[in-house]
>>> print(open('structure-v7.cif').read())   # mmCIF, C-alpha atoms
data_upload
#
loop_
_atom_site.label_atom_id
_atom_site.label_comp_id
_atom_site.auth_asym_id
_atom_site.auth_seq_id
_atom_site.Cartn_x
_atom_site.Cartn_y
_atom_site.Cartn_z
CA MET C 1 13.62 13.57 -28.07
CA LEU C 2 13.23 16.93 -26.29
CA THR C 3 11.36 19.49 -28.36
CA ARG C 4 11.17 22.73 -26.37
CA ILE C 5 11.45 24.44 -23.04
CA ASP C 6 8.00 23.60 -21.69
CA HIS C 7 8.24 25.78 -18.61
CA ILE C 8 10.42 27.28 -15.95
CA GLY C 9 9.19 26.58 -12.43
CA ILE C 10 9.43 29.44 -9.96
CA ALA C 11 8.87 28.79 -6.25
CA CYS C 12 7.09 31.57 -4.35
CA PHE C 13 5.66 32.22 -0.91
CA ASP C 14 2.52 34.03 -2.12
CA LEU C 15 1.09 32.88 -5.46
CA ASP C 16 -1.42 35.72 -5.83
CA LYS C 17 1.21 38.39 -5.16
CA THR C 18 3.66 36.75 -7.57
CA VAL C 19 1.04 36.42 -10.31
CA GLU C 20 0.24 40.12 -9.90
CA PHE C 21 3.94 40.99 -10.27
CA TYR C 22 4.22 39.08 -13.57
CA ARG C 23 0.92 40.56 -14.80
CA ALA C 24 1.80 44.18 -13.90
CA THR C 25 5.46 43.99 -14.94
CA TYR C 26 5.39 41.87 -18.09
CA GLY C 27 1.72 41.63 -19.05
CA PHE C 28 1.62 37.83 -18.60
CA GLU C 29 -1.81 36.39 -17.79
CA VAL C 30 -2.75 33.17 -16.05
CA PHE C 31 -3.49 30.50 -18.66
CA HIS C 32 -4.28 27.76 -16.13
CA SER C 33 -4.30 27.34 -12.35
CA GLU C 34 -4.77 24.31 -10.13
CA VAL C 35 -3.90 22.67 -6.85
CA ASN C 36 -1.79 19.52 -7.14
CA GLU C 37 -2.48 17.67 -3.89
CA GLU C 38 0.05 14.93 -4.64
CA GLN C 39 2.88 17.46 -4.93
CA GLY C 40 1.49 19.82 -2.29
CA VAL C 41 1.40 22.94 -4.44
CA ARG C 42 -0.96 25.57 -5.75
CA GLU C 43 0.19 26.72 -9.13
CA ALA C 44 -0.42 29.15 -11.95
CA MET C 45 0.76 28.62 -15.51
CA LEU C 46 1.51 31.87 -17.34
CA LYS C 47 1.71 31.29 -21.09
CA ILE C 48 4.65 33.03 -22.72
CA ASN C 49 4.31 31.84 -26.32
CA ASP C 50 3.29 29.02 -28.63
CA THR C 51 6.02 26.76 -30.01
CA SER C 52 6.67 25.25 -33.43
CA ASP C 53 5.86 21.71 -32.22
CA GLY C 54 2.29 22.66 -31.31
CA GLY C 55 3.05 23.14 -27.62
CA ALA C 56 3.74 26.27 -25.64
CA SER C 57 6.23 27.73 -23.19
CA TYR C 58 5.12 28.82 -19.73
CA LEU C 59 6.25 30.19 -16.42
CA GLN C 60 4.94 27.91 -13.67
CA LEU C 61 4.51 29.71 -10.35
CA LEU C 62 4.45 27.33 -7.38
CA GLU C 63 3.23 28.02 -3.84
CA PRO C 64 3.38 25.17 -1.30
CA THR C 65 0.12 24.09 0.32
CA ARG C 66 1.77 22.15 3.13
CA PRO C 67 5.11 22.41 4.96
CA ASP C 68 6.28 18.90 4.04
CA SER C 69 6.05 19.45 0.27
CA THR C 70 9.20 19.49 -1.84
CA VAL C 71 8.59 23.12 -2.84
CA ALA C 72 8.11 24.21 0.81
CA LYS C 73 11.39 22.56 1.79
CA TRP C 74 13.12 24.15 -1.19
CA LEU C 75 11.77 27.60 -0.25
CA ASP C 76 12.96 27.16 3.35
CA LYS C 77 16.46 26.40 2.09
CA ASN C 78 16.74 28.74 -0.91
CA GLY C 79 14.03 31.39 -0.74
CA GLU C 80 11.99 32.41 -3.77
CA GLY C 81 13.36 31.86 -7.25
CA VAL C 82 13.88 29.44 -10.10
CA HIS C 83 13.07 25.94 -8.86
CA HIS C 84 13.39 23.87 -12.06
CA ILE C 85 13.42 23.83 -15.83
CA ALA C 86 11.13 21.54 -17.80
CA PHE C 87 11.67 20.21 -21.29
CA GLY C 88 8.80 19.07 -23.48
CA THR C 89 8.86 15.63 -25.06
CA ALA C 90 6.40 13.58 -27.09
CA ASP C 91 7.17 10.50 -24.95
CA VAL C 92 8.26 11.04 -21.35
CA ASP C 93 8.51 7.28 -20.71
CA THR C 94 10.94 6.58 -23.54
CA ASP C 95 13.02 9.70 -23.04
CA ALA C 96 13.30 9.15 -19.28
CA ALA C 97 14.45 5.56 -19.90
CA ASP C 98 17.00 6.71 -22.49
CA ILE C 99 18.36 9.38 -20.13
CA LYS C 100 18.48 6.86 -17.26
CA ASP C 101 20.54 4.54 -19.50
CA LYS C 102 23.05 7.39 -19.79
CA GLY C 103 23.57 7.37 -16.02
CA VAL C 104 21.22 10.17 -14.95
CA ARG C 105 18.99 9.38 -11.99
CA VAL C 106 15.26 9.62 -12.75
CA LEU C 107 13.36 10.54 -9.58
CA TYR C 108 10.06 8.76 -10.32
CA GLU C 109 9.88 5.08 -11.23
CA GLU C 110 6.80 5.85 -13.35
CA PRO C 111 5.82 9.31 -14.66
CA ARG C 112 3.22 11.13 -12.56
CA ARG C 113 0.40 13.55 -13.28
CA GLY C 114 1.57 17.12 -13.78
CA SER C 115 -0.02 20.44 -14.66
CA MET C 116 -2.92 20.52 -17.09
CA GLY C 117 -3.08 16.71 -17.26
CA SER C 118 0.50 16.27 -18.41
CA ARG C 119 2.75 13.30 -17.58
CA ILE C 120 6.01 14.22 -15.85
CA THR C 121 9.16 12.97 -14.23
CA PHE C 122 12.21 14.69 -12.77
CA LEU C 123 15.93 14.17 -13.18
CA HIS C 124 18.24 14.45 -10.18
CA PRO C 125 19.89 17.88 -10.01
CA LYS C 126 23.25 16.40 -8.96
CA ASP C 127 23.34 14.56 -12.29
CA CYS C 128 22.26 17.69 -14.26
CA HIS C 129 24.90 20.21 -13.13
CA GLY C 130 22.83 21.46 -10.21
CA VAL C 131 19.58 21.96 -12.16
CA LEU C 132 16.42 20.12 -11.17
CA THR C 133 15.14 19.06 -14.59
CA GLU C 134 11.62 17.96 -15.47
CA LEU C 135 10.49 16.04 -18.54
CA VAL C 136 6.91 16.77 -19.67
CA THR C 137 4.55 15.14 -22.12
CA SER C 138 1.71 17.62 -22.45
CA ALA C 139 -1.92 16.63 -22.61
CA ALA C 140 -3.99 18.20 -25.36
CA VAL C 141 -5.17 21.61 -24.17
CA GLU C 142 -8.13 23.05 -26.05
CA SER C 143 -8.91 26.14 -24.01
CA PRO C 144 -7.59 27.95 -20.95
CA GLU C 145 -8.87 26.91 -17.53
CA HIS C 146 -8.83 29.26 -14.59
#
>>> encode(input="structure-v7.cif", output="structure tokens")
Amino acid sequence: MLTRIDHIGIACFDLDKTVEFYRATYGFEVFHSEVNEEQGVREAMLKINDTSDGGASYLQLLEPTRPDSTVAKWLDKNGEGVHHIAFGTADVDTDAADIKDKGVRVLYEEPRRGSMGSRITFLHPKDCHGVLTELVTSAAVESPEH
């Protein structure tokens, strides 16, 4: 089922400023950046380490690109900070269905496109002890994109 912590999503008001903080403070570099129009965010993935299942663990920094995005609304309510935790899985479809069968609400009927070509879905935070939880099946990543 779940194989690793894929990433921790951190909502921020200024992506460039936040990236610089993580670079200057911890030495983390941007592995990948993109704009996800569907979710209304500009993001940077900072690779922390490789994992034993062939994946990696990241910090995902998220800046909203429009005021009606989920991340913008979350920032308005909570301010900057940890937005969600994402677990890696080989099969997001099967694992989401199994978790749904256990009574946890899955937020997307079908998984959507996530960072770096991944397939994702979210679990309702009220069913996960207050934690917005993402399930991620990573796409093969051969080299960093910036």
>>> resolve_selection(input="structure-v7.cif", expression="the PyMOL selection byres ((chain C and resi 122) around 7)", output="list in words")
Val106, Leu107, Tyr108, Ile120, Thr121, Leu123, His124, Thr133, Glu134 and Leu135 of chain C
>>> resolve_selection(input="structure-v7.cif", expression="the PyMOL selection byres ((chain C and resi 3-6) around 6)", output="JSON, numbers by chain")
{"C": [2, 7, 57, 86, 87, 88, 89]}
>>> atom_distance(input="structure-v7.cif", atom1="CA of Glu63 (chain C)", atom2="CA of Asp91 (chain C)")
27.7 Å
>>> closest_residue(input="structure-v7.cif", among="C:Gly103, C:Gly114, C:Gly81, C:Gly27", to="Val41 (chain C)", atoms="only C-alpha atoms")
C:Gly114
>>> atom_distance(input="structure-v7.cif", atom1="CA of Gly40 (chain C)", atom2="CA of Leu62 (chain C)")
9.5 Å
>>> build_atoms(input="structure-v7.cif", residues="region 35-50 of chain C", atoms="N, CA and C atoms", output="mmCIF file, keeping the file's coordinate frame")
data_model
loop_
_atom_site.group_PDB
_atom_site.id
_atom_site.type_symbol
_atom_site.label_atom_id
_atom_site.label_comp_id
_atom_site.auth_asym_id
_atom_site.auth_seq_id
_atom_site.Cartn_x
_atom_site.Cartn_y
_atom_site.Cartn_z
ATOM 1 N N VAL C 35 -4.584 23.170 -8.042
ATOM 2 C CA VAL C 35 -3.900 22.670 -6.850
ATOM 3 C C VAL C 35 -3.533 21.221 -7.151
ATOM 4 N N ASN C 36 -2.259 20.888 -6.961
ATOM 5 C CA ASN C 36 -1.790 19.520 -7.140
ATOM 6 C C ASN C 36 -1.552 18.953 -5.748
ATOM 7 N N GLU C 37 -2.545 18.208 -5.253
ATOM 8 C CA GLU C 37 -2.480 17.670 -3.890
ATOM 9 C C GLU C 37 -1.302 16.718 -3.715
ATOM 10 N N GLU C 38 -1.041 15.901 -4.726
ATOM 11 C CA GLU C 38 0.050 14.930 -4.640
ATOM 12 C C GLU C 38 1.394 15.619 -4.395
ATOM 13 N N GLN C 39 1.611 16.753 -5.080
ATOM 14 C CA GLN C 39 2.880 17.460 -4.930
ATOM 15 C C GLN C 39 2.817 18.573 -3.883
ATOM 16 N N GLY C 40 1.631 18.827 -3.342
ATOM 17 C CA GLY C 40 1.490 19.820 -2.290
ATOM 18 C C GLY C 40 1.740 21.247 -2.738
ATOM 19 N N VAL C 41 1.210 21.590 -3.932
ATOM 20 C CA VAL C 41 1.400 22.940 -4.440
ATOM 21 C C VAL C 41 0.113 23.497 -5.041
ATOM 22 N N ARG C 42 0.031 24.807 -4.986
ATOM 23 C CA ARG C 42 -0.960 25.570 -5.750
ATOM 24 C C ARG C 42 -0.149 26.262 -6.824
ATOM 25 N N GLU C 43 -0.630 26.211 -8.049
ATOM 26 C CA GLU C 43 0.190 26.720 -9.130
ATOM 27 C C GLU C 43 -0.605 27.537 -10.133
ATOM 28 N N ALA C 44 0.128 28.367 -10.837
ATOM 29 C CA ALA C 44 -0.420 29.150 -11.950
ATOM 30 C C ALA C 44 0.537 29.015 -13.117
ATOM 31 N N MET C 45 -0.031 28.701 -14.279
ATOM 32 C CA MET C 45 0.760 28.620 -15.510
ATOM 33 C C MET C 45 0.515 29.902 -16.296
ATOM 34 N N LEU C 46 1.575 30.644 -16.558
ATOM 35 C CA LEU C 46 1.510 31.870 -17.340
ATOM 36 C C LEU C 46 2.092 31.573 -18.716
ATOM 37 N N LYS C 47 1.257 31.634 -19.740
ATOM 38 C CA LYS C 47 1.710 31.290 -21.090
ATOM 39 C C LYS C 47 2.555 32.428 -21.650
ATOM 40 N N ILE C 48 3.739 32.042 -22.137
ATOM 41 C CA ILE C 48 4.650 33.030 -22.720
ATOM 42 C C ILE C 48 4.476 33.067 -24.232
ATOM 43 N N ASN C 49 4.467 31.886 -24.872
ATOM 44 C CA ASN C 49 4.310 31.840 -26.320
ATOM 45 C C ASN C 49 3.987 30.413 -26.775
ATOM 46 N N ASP C 50 3.478 30.310 -27.997
ATOM 47 C CA ASP C 50 3.290 29.020 -28.630
ATOM 48 C C ASP C 50 4.627 28.584 -29.224
#
